[in-house]
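K.L.:
Following this line is structure_35.txt, made up of compact mmCIF, C-alpha atoms and all ligand atoms:
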# COMPACT_ATOMS: atom_id res chain seq x y z
CA MET A 235 8.38 20.40 5.91
CA GLN A 236 9.32 16.88 6.92
CA ASP A 237 7.34 14.00 5.44
CA SER A 238 6.30 11.83 8.39
CA PHE A 239 5.34 8.90 6.13
CA PRO A 240 7.26 8.77 2.85
CA ILE A 241 5.23 7.24 0.00
CA ARG A 242 6.69 7.39 -3.50
CA LYS A 243 3.41 7.06 -5.42
CA VAL A 244 0.40 4.84 -6.08
CA ASP A 245 1.95 1.59 -7.27
CA HIS A 246 -1.19 -0.05 -8.63
CA VAL A 247 -4.94 -0.20 -8.15
CA HIS A 248 -6.11 -3.73 -7.42
CA HIS A 249 -9.66 -4.78 -8.37
CA PHE A 250 -11.47 -7.90 -7.18
CA VAL A 251 -13.79 -8.99 -9.99
CA ASN A 252 -15.98 -11.93 -10.93
CA ASN A 253 -14.33 -12.51 -14.27
CA ALA A 254 -10.82 -11.10 -14.64
CA ARG A 255 -10.48 -12.23 -18.25
CA GLN A 256 -13.49 -10.13 -19.28
CA SER A 257 -12.37 -7.17 -17.15
CA ALA A 258 -8.96 -7.31 -18.82
CA TYR A 259 -10.68 -7.33 -22.23
CA PHE A 260 -12.72 -4.23 -21.29
CA TYR A 261 -9.71 -2.27 -20.01
CA GLN A 262 -7.63 -3.32 -23.00
CA HIS A 263 -10.15 -2.59 -25.73
CA ILE A 264 -12.05 0.38 -24.25
CA LEU A 265 -9.42 2.13 -22.12
CA GLY A 266 -6.37 1.16 -24.17
CA PHE A 267 -4.38 -0.69 -21.51
CA SER A 268 -1.89 -3.41 -22.45
CA ILE A 269 -2.08 -6.79 -20.78
CA THR A 270 1.46 -7.17 -19.48
CA GLY A 271 1.29 -9.80 -16.77
CA PHE A 272 -0.62 -12.95 -15.85
CA SER A 273 -0.77 -15.39 -13.00
CA GLY A 274 -3.18 -18.33 -12.91
CA LEU A 275 -3.52 -22.08 -13.16
CA GLU A 276 -0.97 -22.14 -16.01
CA THR A 277 1.67 -20.46 -13.83
CA GLY A 278 1.05 -22.54 -10.72
CA SER A 279 -1.53 -20.38 -8.95
CA LYS A 280 -4.04 -22.85 -7.55
CA ASP A 281 -7.20 -20.90 -6.83
CA GLN A 282 -7.18 -17.48 -8.44
CA VAL A 283 -6.26 -15.66 -11.60
CA ASP A 284 -4.57 -12.23 -11.86
CA TYR A 285 -4.19 -9.97 -14.89
CA LEU A 286 -1.87 -6.96 -14.85
CA LEU A 287 -2.70 -4.10 -17.22
CA GLU A 288 -0.49 -1.09 -17.90
CA GLN A 289 -0.61 2.22 -19.73
CA ALA A 290 2.26 4.72 -19.28
CA ASP A 291 2.73 4.91 -15.48
CA LEU A 292 -0.64 3.29 -14.69
CA LYS A 293 -0.87 -0.24 -13.33
CA LEU A 294 -4.22 -1.96 -12.77
CA LEU A 295 -4.46 -5.46 -11.35
CA PHE A 296 -7.58 -7.64 -11.72
CA SER A 297 -8.03 -10.76 -9.62
CA ALA A 298 -10.80 -13.34 -9.68
CA PRO A 299 -11.34 -16.65 -7.87
CA VAL A 300 -11.36 -19.80 -10.02
CA ARG A 301 -12.80 -22.21 -7.44
CA PRO A 302 -15.82 -22.15 -5.12
CA GLY A 303 -15.23 -21.20 -1.51
CA HIS A 304 -12.47 -18.64 -2.17
CA ALA A 305 -12.46 -15.80 0.39
CA MET A 306 -12.34 -13.30 -2.48
CA ALA A 307 -15.63 -14.67 -3.84
CA GLU A 308 -17.50 -13.69 -0.66
CA LYS A 309 -16.31 -10.09 -0.94
CA ILE A 310 -17.28 -9.94 -4.62
CA ALA A 311 -20.68 -11.50 -3.91
CA TYR A 312 -21.30 -8.74 -1.36
CA HIS A 313 -19.86 -5.67 -3.13
CA GLY A 314 -19.85 -6.64 -6.79
CA ASP A 315 -16.60 -5.94 -8.67
CA PHE A 316 -14.69 -3.42 -6.54
CA VAL A 317 -11.40 -1.74 -5.75
CA ARG A 318 -9.83 -3.86 -3.03
CA ASP A 319 -6.42 -2.24 -2.69
CA ILE A 320 -4.76 1.05 -3.55
CA ALA A 321 -1.15 -0.05 -3.26
CA PHE A 322 1.71 2.33 -2.51
CA GLU A 323 5.34 2.11 -3.51
CA VAL A 324 7.47 2.90 -0.46
CA ASP A 325 11.19 2.98 0.39
CA ASP A 326 10.93 0.64 3.36
CA VAL A 327 7.99 -1.77 3.70
CA ASP A 328 8.92 -2.97 7.19
CA TRP A 329 9.19 0.57 8.54
CA ALA A 330 5.93 1.59 6.80
CA TYR A 331 3.94 -1.32 8.21
CA LYS A 332 5.36 -1.07 11.72
CA THR A 333 4.87 2.69 11.84
CA ALA A 334 1.33 2.58 10.44
CA VAL A 335 0.28 -0.06 12.96
CA GLU A 336 1.94 1.83 15.84
CA ARG A 337 0.00 4.92 14.78
CA GLY A 338 -3.31 3.05 14.89
CA ALA A 339 -3.79 1.26 11.55
CA LYS A 340 -5.26 -2.21 11.57
CA GLY A 341 -2.82 -4.61 9.95
CA PHE A 342 -4.02 -6.98 7.23
CA GLN A 343 -0.75 -8.67 6.19
CA SER A 344 2.52 -8.22 8.06
CA PRO A 345 5.64 -7.87 5.87
CA ILE A 346 6.43 -10.86 3.68
CA THR A 347 9.04 -11.54 1.02
CA LEU A 348 7.88 -12.72 -2.41
CA GLU A 349 10.69 -14.34 -4.35
CA ASP A 350 11.51 -15.93 -7.69
CA ASP A 351 14.55 -16.28 -9.97
CA PHE A 352 14.52 -12.51 -10.62
CA GLY A 353 14.86 -11.43 -7.02
CA LYS A 354 12.76 -10.39 -4.07
CA VAL A 355 9.84 -8.06 -3.41
CA ARG A 356 8.82 -7.02 0.09
CA ARG A 357 5.13 -6.40 0.72
CA ALA A 358 2.67 -5.69 3.58
CA SER A 359 -0.92 -4.36 3.84
CA ILE A 360 -3.12 -2.36 6.21
CA HIS A 361 -6.86 -1.76 6.28
CA THR A 362 -8.44 1.58 5.45
CA TYR A 363 -12.19 2.39 5.10
CA GLY A 364 -14.64 -0.43 4.35
CA ASP A 365 -13.07 -3.47 2.70
CA VAL A 366 -10.30 -1.41 1.12
CA LEU A 367 -6.60 -2.04 1.81
CA HIS A 368 -3.40 -0.11 1.31
CA SER A 369 -0.46 -2.35 0.45
CA PHE A 370 3.13 -1.18 0.85
CA ILE A 371 5.45 -2.52 -1.85
CA ASN A 372 9.15 -2.21 -2.55
CA ARG A 373 10.68 -3.92 -5.59
CA ASP A 374 14.03 -2.10 -5.66
CA GLY A 375 15.80 -5.47 -5.47
CA TYR A 376 13.65 -7.12 -8.15
CA LYS A 377 14.59 -7.53 -11.81
CA GLY A 378 11.43 -9.38 -12.88
CA HIS A 379 8.09 -8.05 -14.04
CA PHE A 380 5.66 -6.64 -11.42
CA LEU A 381 5.69 -9.35 -8.74
CA PRO A 382 7.19 -12.80 -8.36
CA GLY A 383 4.85 -15.42 -9.81
CA PHE A 384 3.68 -13.29 -12.74
CA ARG A 385 4.34 -14.39 -16.29
CA ARG A 386 5.14 -11.54 -18.66
CA GLU A 387 2.45 -11.05 -21.32
CA ASN A 388 2.59 -9.01 -24.47
CA GLU A 389 -0.95 -8.14 -25.54
CA PRO A 390 -0.74 -4.45 -26.43
CA GLY A 391 -3.78 -2.23 -26.20
CA ASP A 392 -4.34 0.77 -28.42
CA ALA A 393 -3.29 3.40 -25.83
CA ILE A 394 -5.44 6.53 -25.50
CA GLY A 395 -3.04 8.82 -23.64
CA LEU A 396 -3.78 7.91 -20.02
CA VAL A 397 -0.71 8.73 -17.94
CA GLU A 398 -1.16 8.12 -14.22
CA VAL A 399 -3.62 8.04 -11.30
CA ASP A 400 -4.51 11.64 -10.42
CA HIS A 401 -6.68 10.88 -7.38
CA CYS A 402 -8.86 8.14 -5.83
CA VAL A 403 -12.11 9.06 -4.09
CA GLY A 404 -13.57 7.20 -1.12
CA ASN A 405 -17.23 7.31 -0.07
CA VAL A 406 -17.75 6.75 3.66
CA GLU A 407 -20.82 6.64 5.89
CA LEU A 408 -22.48 9.68 7.45
CA GLY A 409 -20.29 11.00 10.28
CA GLN A 410 -17.24 9.00 9.15
CA MET A 411 -15.49 11.55 6.91
CA ASN A 412 -13.57 13.16 9.76
CA VAL A 413 -12.68 9.77 11.22
CA TRP A 414 -10.92 8.82 7.97
CA VAL A 415 -9.44 12.28 7.49
CA LYS A 416 -7.83 11.80 10.90
CA PHE A 417 -6.66 8.31 9.91
CA TYR A 418 -4.84 9.64 6.84
CA GLU A 419 -3.37 12.50 8.91
CA ASP A 420 -2.32 10.49 11.97
CA VAL A 421 -1.28 7.23 10.33
CA LEU A 422 -0.03 8.13 6.84
CA GLY A 423 1.06 11.75 7.41
CA PHE A 424 -1.39 13.18 4.85
CA LYS A 425 -2.44 16.85 4.97
CA GLN A 426 -5.84 18.27 4.16
CA LEU A 427 -5.69 20.23 0.89
CA ILE A 428 -9.27 21.40 0.57
CA SER A 429 -12.64 20.98 2.21
CA PHE A 430 -16.07 21.27 0.58
CA ASP A 431 -19.23 21.52 2.61
CA ASP A 432 -22.83 21.06 1.66
CA LYS A 433 -23.06 24.69 0.50
CA ASP A 434 -20.40 23.99 -2.13
CA ILE A 435 -21.74 20.61 -3.15
CA SER A 436 -25.47 20.76 -3.16
CA THR A 437 -28.35 20.96 -5.58
CA ASP A 438 -32.01 21.51 -4.86
CA TYR A 439 -32.20 17.88 -3.80
CA THR A 440 -29.00 16.39 -2.49
CA ALA A 441 -25.72 17.30 -0.84
CA LEU A 442 -22.40 15.87 0.19
CA MET A 443 -19.33 16.86 2.15
CA SER A 444 -15.79 16.23 0.99
CA LYS A 445 -12.25 16.72 2.23
CA VAL A 446 -9.23 16.22 0.00
CA MET A 447 -6.18 14.61 1.61
CA ALA A 448 -2.69 14.51 0.06
CA ASN A 449 0.48 12.69 1.08
CA GLY A 450 3.83 14.33 1.87
CA ASN A 451 5.14 14.58 -1.70
CA GLY A 452 1.68 15.56 -3.04
CA ARG A 453 1.54 12.70 -5.55
CA VAL A 454 -1.16 10.72 -3.72
CA LYS A 455 -4.50 12.55 -3.45
CA PHE A 456 -7.55 11.04 -1.78
CA PRO A 457 -10.79 13.02 -1.53
CA ILE A 458 -13.14 11.51 1.08
CA ASN A 459 -16.90 12.05 0.75
CA GLU A 460 -19.77 11.57 3.14
CA PRO A 461 -23.47 12.18 2.51
CA ALA A 462 -25.09 15.36 3.82
CA PRO A 463 -28.80 15.75 4.58
CA GLY A 464 -30.84 16.93 1.57
CA LYS A 465 -34.42 16.79 0.37
CA LYS A 466 -33.74 13.51 -1.41
CA ARG A 467 -31.24 10.68 -1.25
CA SER A 468 -27.73 11.76 -2.18
CA GLN A 469 -25.47 9.98 -4.67
CA ILE A 470 -23.27 8.98 -1.72
CA ASP A 471 -26.22 7.27 0.03
CA GLU A 472 -27.02 5.49 -3.22
CA TYR A 473 -23.41 4.27 -3.45
CA LEU A 474 -23.30 3.10 0.20
CA ASP A 475 -26.59 1.21 -0.28
CA PHE A 476 -25.61 -0.59 -3.46
CA PHE A 477 -21.98 -1.17 -2.50
CA GLY A 478 -22.74 -2.33 1.01
CA GLY A 479 -20.67 0.21 2.94
CA ALA A 480 -17.70 2.48 2.40
CA GLY A 481 -15.59 2.01 -0.72
CA VAL A 482 -13.81 3.59 -3.67
CA GLN A 483 -16.25 5.74 -5.66
CA HIS A 484 -14.06 6.89 -8.53
CA VAL A 485 -10.52 6.81 -9.76
CA ALA A 486 -9.34 9.85 -11.73
CA LEU A 487 -6.93 9.05 -14.55
CA ARG A 488 -4.76 11.86 -15.86
CA THR A 489 -4.25 12.57 -19.56
CA ASP A 490 -2.25 15.29 -21.32
CA ASP A 491 -4.73 15.46 -24.21
CA ILE A 492 -8.29 15.07 -22.98
CA VAL A 493 -9.92 15.72 -26.37
CA TYR A 494 -7.95 12.83 -27.88
CA THR A 495 -8.49 10.51 -24.89
CA VAL A 496 -12.23 11.12 -24.59
CA SER A 497 -12.81 10.98 -28.36
CA ARG A 498 -11.25 7.53 -28.40
CA MET A 499 -13.23 6.33 -25.38
CA LYS A 500 -16.49 7.56 -26.92
CA ALA A 501 -15.67 5.97 -30.27
CA ARG A 502 -15.26 2.70 -28.39
CA GLY A 503 -18.69 3.03 -26.85
CA LEU A 504 -18.02 4.19 -23.28
CA GLU A 505 -20.79 6.36 -21.85
CA PHE A 506 -20.20 9.60 -19.94
CA LEU A 507 -22.32 11.93 -17.83
CA SER A 508 -23.60 14.83 -19.87
CA VAL A 509 -24.37 18.44 -19.00
CA PRO A 510 -26.87 20.73 -20.73
CA ARG A 511 -25.75 22.92 -23.66
CA SER A 512 -26.30 25.99 -21.45
CA TYR A 513 -23.19 24.94 -19.48
CA TYR A 514 -21.09 25.81 -22.53
CA ASP A 515 -22.87 29.10 -23.20
CA MET A 516 -21.74 30.28 -19.76
CA LEU A 517 -18.25 28.79 -20.01
CA PRO A 518 -16.29 31.73 -21.53
CA ASP A 519 -17.50 34.08 -18.78
CA ARG A 520 -16.71 31.56 -16.08
CA VAL A 521 -13.25 30.34 -17.09
CA GLY A 522 -11.91 32.99 -19.48
CA ARG A 523 -9.59 32.13 -22.35
CA ILE A 524 -8.67 28.48 -22.84
CA ASP A 525 -6.65 26.70 -25.52
CA GLU A 526 -9.43 24.29 -26.52
CA ASP A 527 -12.31 24.90 -28.91
CA ILE A 528 -15.47 25.17 -26.81
CA ASP A 529 -17.58 23.57 -29.54
CA VAL A 530 -15.34 20.50 -29.45
CA LEU A 531 -15.58 20.34 -25.65
CA ALA A 532 -19.39 20.68 -25.87
CA GLU A 533 -19.56 17.92 -28.48
CA LEU A 534 -17.64 15.59 -26.16
CA GLY A 535 -19.22 16.84 -22.90
CA ILE A 536 -15.88 17.84 -21.35
CA LEU A 537 -16.12 20.21 -18.36
CA VAL A 538 -13.73 23.07 -17.50
CA ASP A 539 -12.88 24.82 -14.24
CA ARG A 540 -10.33 27.47 -13.29
CA ASP A 541 -8.48 28.16 -10.04
CA ASP A 542 -5.69 30.58 -9.02
CA GLU A 543 -3.01 28.50 -10.73
CA GLY A 544 -4.61 27.61 -14.04
CA TYR A 545 -7.44 25.51 -15.35
CA LEU A 546 -8.44 21.88 -15.67
CA LEU A 547 -10.62 19.82 -17.98
CA GLN A 548 -12.53 16.81 -16.70
CA ILE A 549 -15.27 14.34 -17.54
CA PHE A 550 -16.92 11.46 -15.69
CA THR A 551 -18.00 8.08 -17.02
CA LYS A 552 -21.27 6.50 -16.02
CA PRO A 553 -20.75 3.62 -13.56
CA ILE A 554 -18.70 0.87 -15.20
CA THR A 555 -20.28 -1.92 -13.14
CA ASP A 556 -23.87 -3.20 -12.97
CA ARG A 557 -24.27 -1.56 -9.59
CA PRO A 558 -24.20 2.27 -9.54
CA THR A 559 -20.84 2.25 -7.73
CA LEU A 560 -17.42 2.60 -9.39
CA PHE A 561 -16.84 5.11 -12.17
CA TYR A 562 -13.87 6.87 -13.75
CA GLU A 563 -12.92 10.50 -14.14
CA ILE A 564 -10.61 11.61 -16.93
CA ILE A 565 -8.71 14.77 -15.95
CA HIS A 566 -6.34 17.06 -17.85
CA ARG A 567 -4.55 19.65 -15.70
CA LYS A 568 -3.32 22.90 -17.20
CA GLY A 569 -1.84 24.43 -14.08
CA ALA A 570 -4.86 23.91 -11.82
CA LYS A 571 -4.25 21.68 -8.80
CA SER A 572 -7.89 21.69 -7.64
CA PHE A 573 -10.77 19.31 -8.33
CA GLY A 574 -13.38 21.15 -10.39
CA LYS A 575 -15.50 22.83 -7.71
CA GLY A 576 -17.09 25.07 -10.36
CA ASN A 577 -18.51 21.95 -12.05
CA PHE A 578 -20.01 20.32 -8.98
CA LYS A 579 -23.50 21.70 -9.39
CA ALA A 580 -23.82 20.85 -13.09
CA LEU A 581 -22.35 17.42 -12.43
CA PHE A 582 -24.54 16.54 -9.51
CA GLU A 583 -27.62 17.56 -11.43
CA SER A 584 -26.44 15.19 -14.14
CA ILE A 585 -25.94 12.39 -11.59
CA GLU A 586 -29.42 13.06 -10.18
CA ARG A 587 -30.94 12.64 -13.65
CA GLU A 588 -29.29 9.21 -13.74
CA GLN A 589 -30.45 8.43 -10.18
CA ALA A 590 -34.02 9.37 -11.16
CA LEU A 591 -33.82 6.87 -14.04
CA ARG A 592 -32.68 4.21 -11.56
CA GLY A 593 -35.48 5.17 -9.15
CA THR A 594 -32.97 5.85 -6.40
CA LEU A 595 -33.22 9.62 -5.95
FE FE2 B 601 -12.52 13.42 -8.89
As structure tokens - that is how I would like this structure written.

P.N.:
Amino acid sequence: MQDSFPIRKVDHVHHFVNNARQSAYFYQHILGFSITGFSGLETGSKDQVDYLLEQADLKLLFSAPVRPGHAMAEKIAYHGDFVRDIAFEVDDVDWAYKTAVERGAKGFQSPITLEDDFGKVRRASIHTYGDVLHSFINRDGYKGHFLPGFRRENEPGDAIGLVEVDHCVGNVELGQMNVWVKFYEDVLGFKQLISFDDKDISTDYTALMSKVMANGNGRVKFPINEPAPGKKRSQIDEYLDFFGGAGVQHVALRTDDIVYTVSRMKARGLEFLSVPRSYYDMLPDRVGRIDEDIDVLAELGILVDRDDEGYLLQIFTKPITDRPTLFYEIIHRKGAKSFGKGNFKALFESIEREQALRGTL
């Protein structure tokens, strides 16, 4: 089948934060990223600071304003620290931007050339849901590090086996899921992989709907959630309230050794959602034979699900910001291409226990 909007992969995930130096410290010392690039007052940037962090094929960018009155500061004041941009690497930035806008996307930045002694990078951006952007980037003609203007840094983290972005999940307002599904189909040539309705994703109290979209080469996967009516307030409503609209709910990072990765994260103090011990008593019947020791998985709180093609292991952090908004998933795929439907109920009950503690259920 022809790909009507070629995207190579997620290039980087760009966060707007209040204090990029402290964010960089967190991602370096808890999640094992290396600080590999910097732009700020010392490199000639007048009003903001940017830290680039990398681990294997993962690139995270953290930007913060360093003066009052910066446009970025208003967004951060409203949303808290948040994912501003999920940037794509593409073959042809000009074609991507022109085509996206012709197909109905709202442009944010028309194509520009960034340039330094190491060459040129072409870049443009469009809006998606909420205050989130998708940038298109091509650095085929660039010999420098990341983007022109960045100074190369060498502050290695103690890597924990994170490999790449597996998927990024957006929460949108009630009634908006299909609007954004259509946006990804019509504008960016994505196809719907799976759909979950409130019968799949509901507990006694809350429910949500979700559709998973994937780009032409299958490397970019974006589930989109909207709240569904339930007896109490759903986790998606809680997110929309605290975030102030639609935004990125979680980013799933792929590992090839989840026991190692999660052990290291826990040793460094990161907190995860937990499920009751009974989850593990039922596990052998539900997923059959797996390579991992179930006692080890139970100790770490790692969840397992099986589909037609294999199985997957996954775990979710608690929110990593003050607001109950952004969190991370760590996922290890052993053949399975799905998203852990068999874990939804146990997970959402776990999230509801957290919501109850926050008084937001
Ligand atoms: Fe996920």

K.L.:
Take CA of Ala501 (chain A) and CA of Ile264 (chain A) and report the distance between them in Å, one decimal.

P.N.:
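Those two atoms sit 9.0 Å apart.
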
K.L.:
List the spatial neighbours of Asp374 (chain A) as a ChimeraX atom specification - criterion: any atom at most 12 Å away, only C-alpha atoms, same-chain residues fewer than 5 positions off excluded.

P.N.:
/A:323-327,352-357,379-381

K.L.:
Would you mind listing the residues within 7 Å of ligand FE2 601 (chain B), counting all atoms listed in the file, as a list of chain:residue names?

P.N.:
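Every residue with an atom at most 7 Å from ligand FE2 601 (chain B) is listed here: A:His401, A:Val403, A:His484, A:Val485, A:Ala486, A:Glu563, A:Phe573.
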
K.L.:
With C-alpha atoms retained, write the just-selected residues as a compact mmCIF listing (two decimals), in the frame of the given file.

P.N.:
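The file below, result_4.txt, is the result:
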# COMPACT_ATOMS: atom_id res chain seq x y z
CA HIS A 401 -6.68 10.88 -7.38
CA VAL A 403 -12.11 9.06 -4.09
CA HIS A 484 -14.06 6.89 -8.53
CA VAL A 485 -10.52 6.81 -9.76
CA ALA A 486 -9.34 9.85 -11.73
CA GLU A 563 -12.92 10.50 -14.14
CA PHE A 573 -10.77 19.31 -8.33

K.L.:
Taking only C-alpha atoms into account, name the residue in A:Arg385, A:Arg467, A:Arg337, A:Lys243 that is nearest to Gly274 (chain A).

P.N.:
A:Arg385

K.L.:
One number please: CA of Ile565 (chain A) to CA of His368 (chain A), in Å, one decimal.

P.N.:
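These two atoms are separated by 23.4 Å.
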
K.L.:
In terms of the shortest atom-to-atom distance over all atoms listed in the file, which of A:Val530, A:Ala480, A:Val538, A:Ala580 is closest to Asp434 (chain A)?

P.N.:
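Closest candidate: A:Ala580.
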
K.L.:
Using only C-alpha atoms, find the one residue out of A:Gln548, A:Gln469, A:Thr495, A:Gln426 that sits nearest to Glu586 (chain A).

P.N.:
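Ranked by minimum distance to Glu586 (chain A), first place goes to A:Gln469.
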
K.L.:
When you count all atoms listed in the file, which of these residues is closest to Phe456 (chain A): A:Cys402, A:Ile435, A:Leu547, A:Val496?

P.N.:
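For Phe456 (chain A), the nearest of the given residues is A:Cys402.
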
K.L.:
Looking at all atoms listed in the file, which of A:Ser359, A:Gln410, A:Thr347, A:Asn577 is the one that sits closest to Asp539 (chain A)?

P.N.:
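Among the listed residues, A:Asn577 lies closest to Asp539 (chain A).
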
K.L.:
Would you work out the distance separating CA of Lys568 (chain A) from CA of Pro457 (chain A), expressed in Å to one decimal?

P.N.:
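Computing the Euclidean distance for CA of Lys568 (chain A) and CA of Pro457 (chain A) yields 20.0 Å.
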
K.L.:
Between A:Arg301, A:Arg523, A:Arg511, A:His313, which has the minimum distance to Val251 (chain A) (counting all atoms listed in the file)?

P.N.:
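Nearest to Val251 (chain A): A:His313.
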
K.L.:
Contacts of Asp475 (chain A) at 12 Å or less, counting all atoms listed in the file, minus same-chain residues fewer than 6 places along, as a ChimeraX atom specification?

P.N.:
/A:312-313,405-407,461,467-469,481,557-559,594

K.L.:
At a cut-off of 7 Å, using only C-alpha atoms, what residues contact Gly341 (chain A)? Leave out same-chain residues fewer than 3 positions from it and give the result as an mmCIF file with C-alpha atoms, in the coordinates of the input.

P.N.:
data_model
loop_
_atom_site.group_PDB
_atom_site.id
_atom_site.type_symbol
_atom_site.label_atom_id
_atom_site.label_comp_id
_atom_site.auth_asym_id
_atom_site.auth_seq_id
_atom_site.Cartn_x
_atom_site.Cartn_y
_atom_site.Cartn_z
ATOM 1 C CA VAL A 335 0.280 -0.060 12.960
ATOM 2 C CA SER A 344 2.520 -8.220 8.060
ATOM 3 C CA SER A 359 -0.920 -4.360 3.840
ATOM 4 C CA ILE A 360 -3.120 -2.360 6.210
ATOM 5 C CA HIS A 361 -6.860 -1.760 6.280
#

K.L.:
Which residues are near region 283-297 of chain A? Cut-off 7 Å, only C-alpha atoms, ignore same chain within fewer than 6 positions. Put them as a ChimeraX atom specification.

P.N.:
/A:245-251,254,258,267-274,393,396-399

K.L.:
Could the residues in this selection be written to a file with C-alpha atoms, as a compact mmCIF listing (two decimals), in the frame of the given file?

P.N.:
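Dumped to result-v8.txt:
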# COMPACT_ATOMS: atom_id res chain seq x y z
CA ASP A 245 1.95 1.59 -7.27
CA HIS A 246 -1.19 -0.05 -8.63
CA VAL A 247 -4.94 -0.20 -8.15
CA HIS A 248 -6.11 -3.73 -7.42
CA HIS A 249 -9.66 -4.78 -8.37
CA PHE A 250 -11.47 -7.90 -7.18
CA VAL A 251 -13.79 -8.99 -9.99
CA ALA A 254 -10.82 -11.10 -14.64
CA ALA A 258 -8.96 -7.31 -18.82
CA PHE A 267 -4.38 -0.69 -21.51
CA SER A 268 -1.89 -3.41 -22.45
CA ILE A 269 -2.08 -6.79 -20.78
CA THR A 270 1.46 -7.17 -19.48
CA GLY A 271 1.29 -9.80 -16.77
CA PHE A 272 -0.62 -12.95 -15.85
CA SER A 273 -0.77 -15.39 -13.00
CA GLY A 274 -3.18 -18.33 -12.91
CA ALA A 393 -3.29 3.40 -25.83
CA LEU A 396 -3.78 7.91 -20.02
CA VAL A 397 -0.71 8.73 -17.94
CA GLU A 398 -1.16 8.12 -14.22
CA VAL A 399 -3.62 8.04 -11.30

K.L.:
Could you list, as a list in words, every residue within 12 Å of Asn449 (chain A), counting all atoms listed in the file and ignoring same-chain residues fewer than 6 positions away?

P.N.:
Gln236, Asp237, Ser238, Phe239, Pro240, Ile241, Arg242, Lys243, Val244, Phe322, His401, Val415, Tyr418, Glu419, Asp420, Val421, Leu422, Gly423, Phe424, Lys425, Gln426, Leu427, Lys455, Phe456 and Pro457 of chain A

K.L.:
Next, write the just-selected residues to a file, as a short mmCIF file (atom, residue, chain, number, x, y, z; two decimals), in the frame of the given file, keeping C-alpha atoms as the atom set.

P.N.:
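Saved to result35.cif:
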data_model
loop_
_atom_site.label_atom_id
_atom_site.label_comp_id
_atom_site.auth_asym_id
_atom_site.auth_seq_id
_atom_site.Cartn_x
_atom_site.Cartn_y
_atom_site.Cartn_z
CA GLN A 236 9.32 16.88 6.92
CA ASP A 237 7.34 14.00 5.44
CA SER A 238 6.30 11.83 8.39
CA PHE A 239 5.34 8.90 6.13
CA PRO A 240 7.26 8.77 2.85
CA ILE A 241 5.23 7.24 0.00
CA ARG A 242 6.69 7.39 -3.50
CA LYS A 243 3.41 7.06 -5.42
CA VAL A 244 0.40 4.84 -6.08
CA PHE A 322 1.71 2.33 -2.51
CA HIS A 401 -6.68 10.88 -7.38
CA VAL A 415 -9.44 12.28 7.49
CA TYR A 418 -4.84 9.64 6.84
CA GLU A 419 -3.37 12.50 8.91
CA ASP A 420 -2.32 10.49 11.97
CA VAL A 421 -1.28 7.23 10.33
CA LEU A 422 -0.03 8.13 6.84
CA GLY A 423 1.06 11.75 7.41
CA PHE A 424 -1.39 13.18 4.85
CA LYS A 425 -2.44 16.85 4.97
CA GLN A 426 -5.84 18.27 4.16
CA LEU A 427 -5.69 20.23 0.89
CA LYS A 455 -4.50 12.55 -3.45
CA PHE A 456 -7.55 11.04 -1.78
CA PRO A 457 -10.79 13.02 -1.53
#

K.L.:
In the coordinates of the file, take the point (-10.5, 1.1, -21.7) and a cut-off of 10 Å; then, counting only C-alpha atoms, name each qualifying protein, DNA or RNA residue as a list in words.

P.N.:
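Within the cut-off we find Ser257, Ala258, Tyr259, Phe260, Tyr261, Gln262, His263, Ile264, Leu265, Gly266, Phe267, Ser268, Gly391, Asp392, Ala393, Ile394, Leu396, Arg498, Met499, Arg502, Gly503 and Leu504 of chain A.
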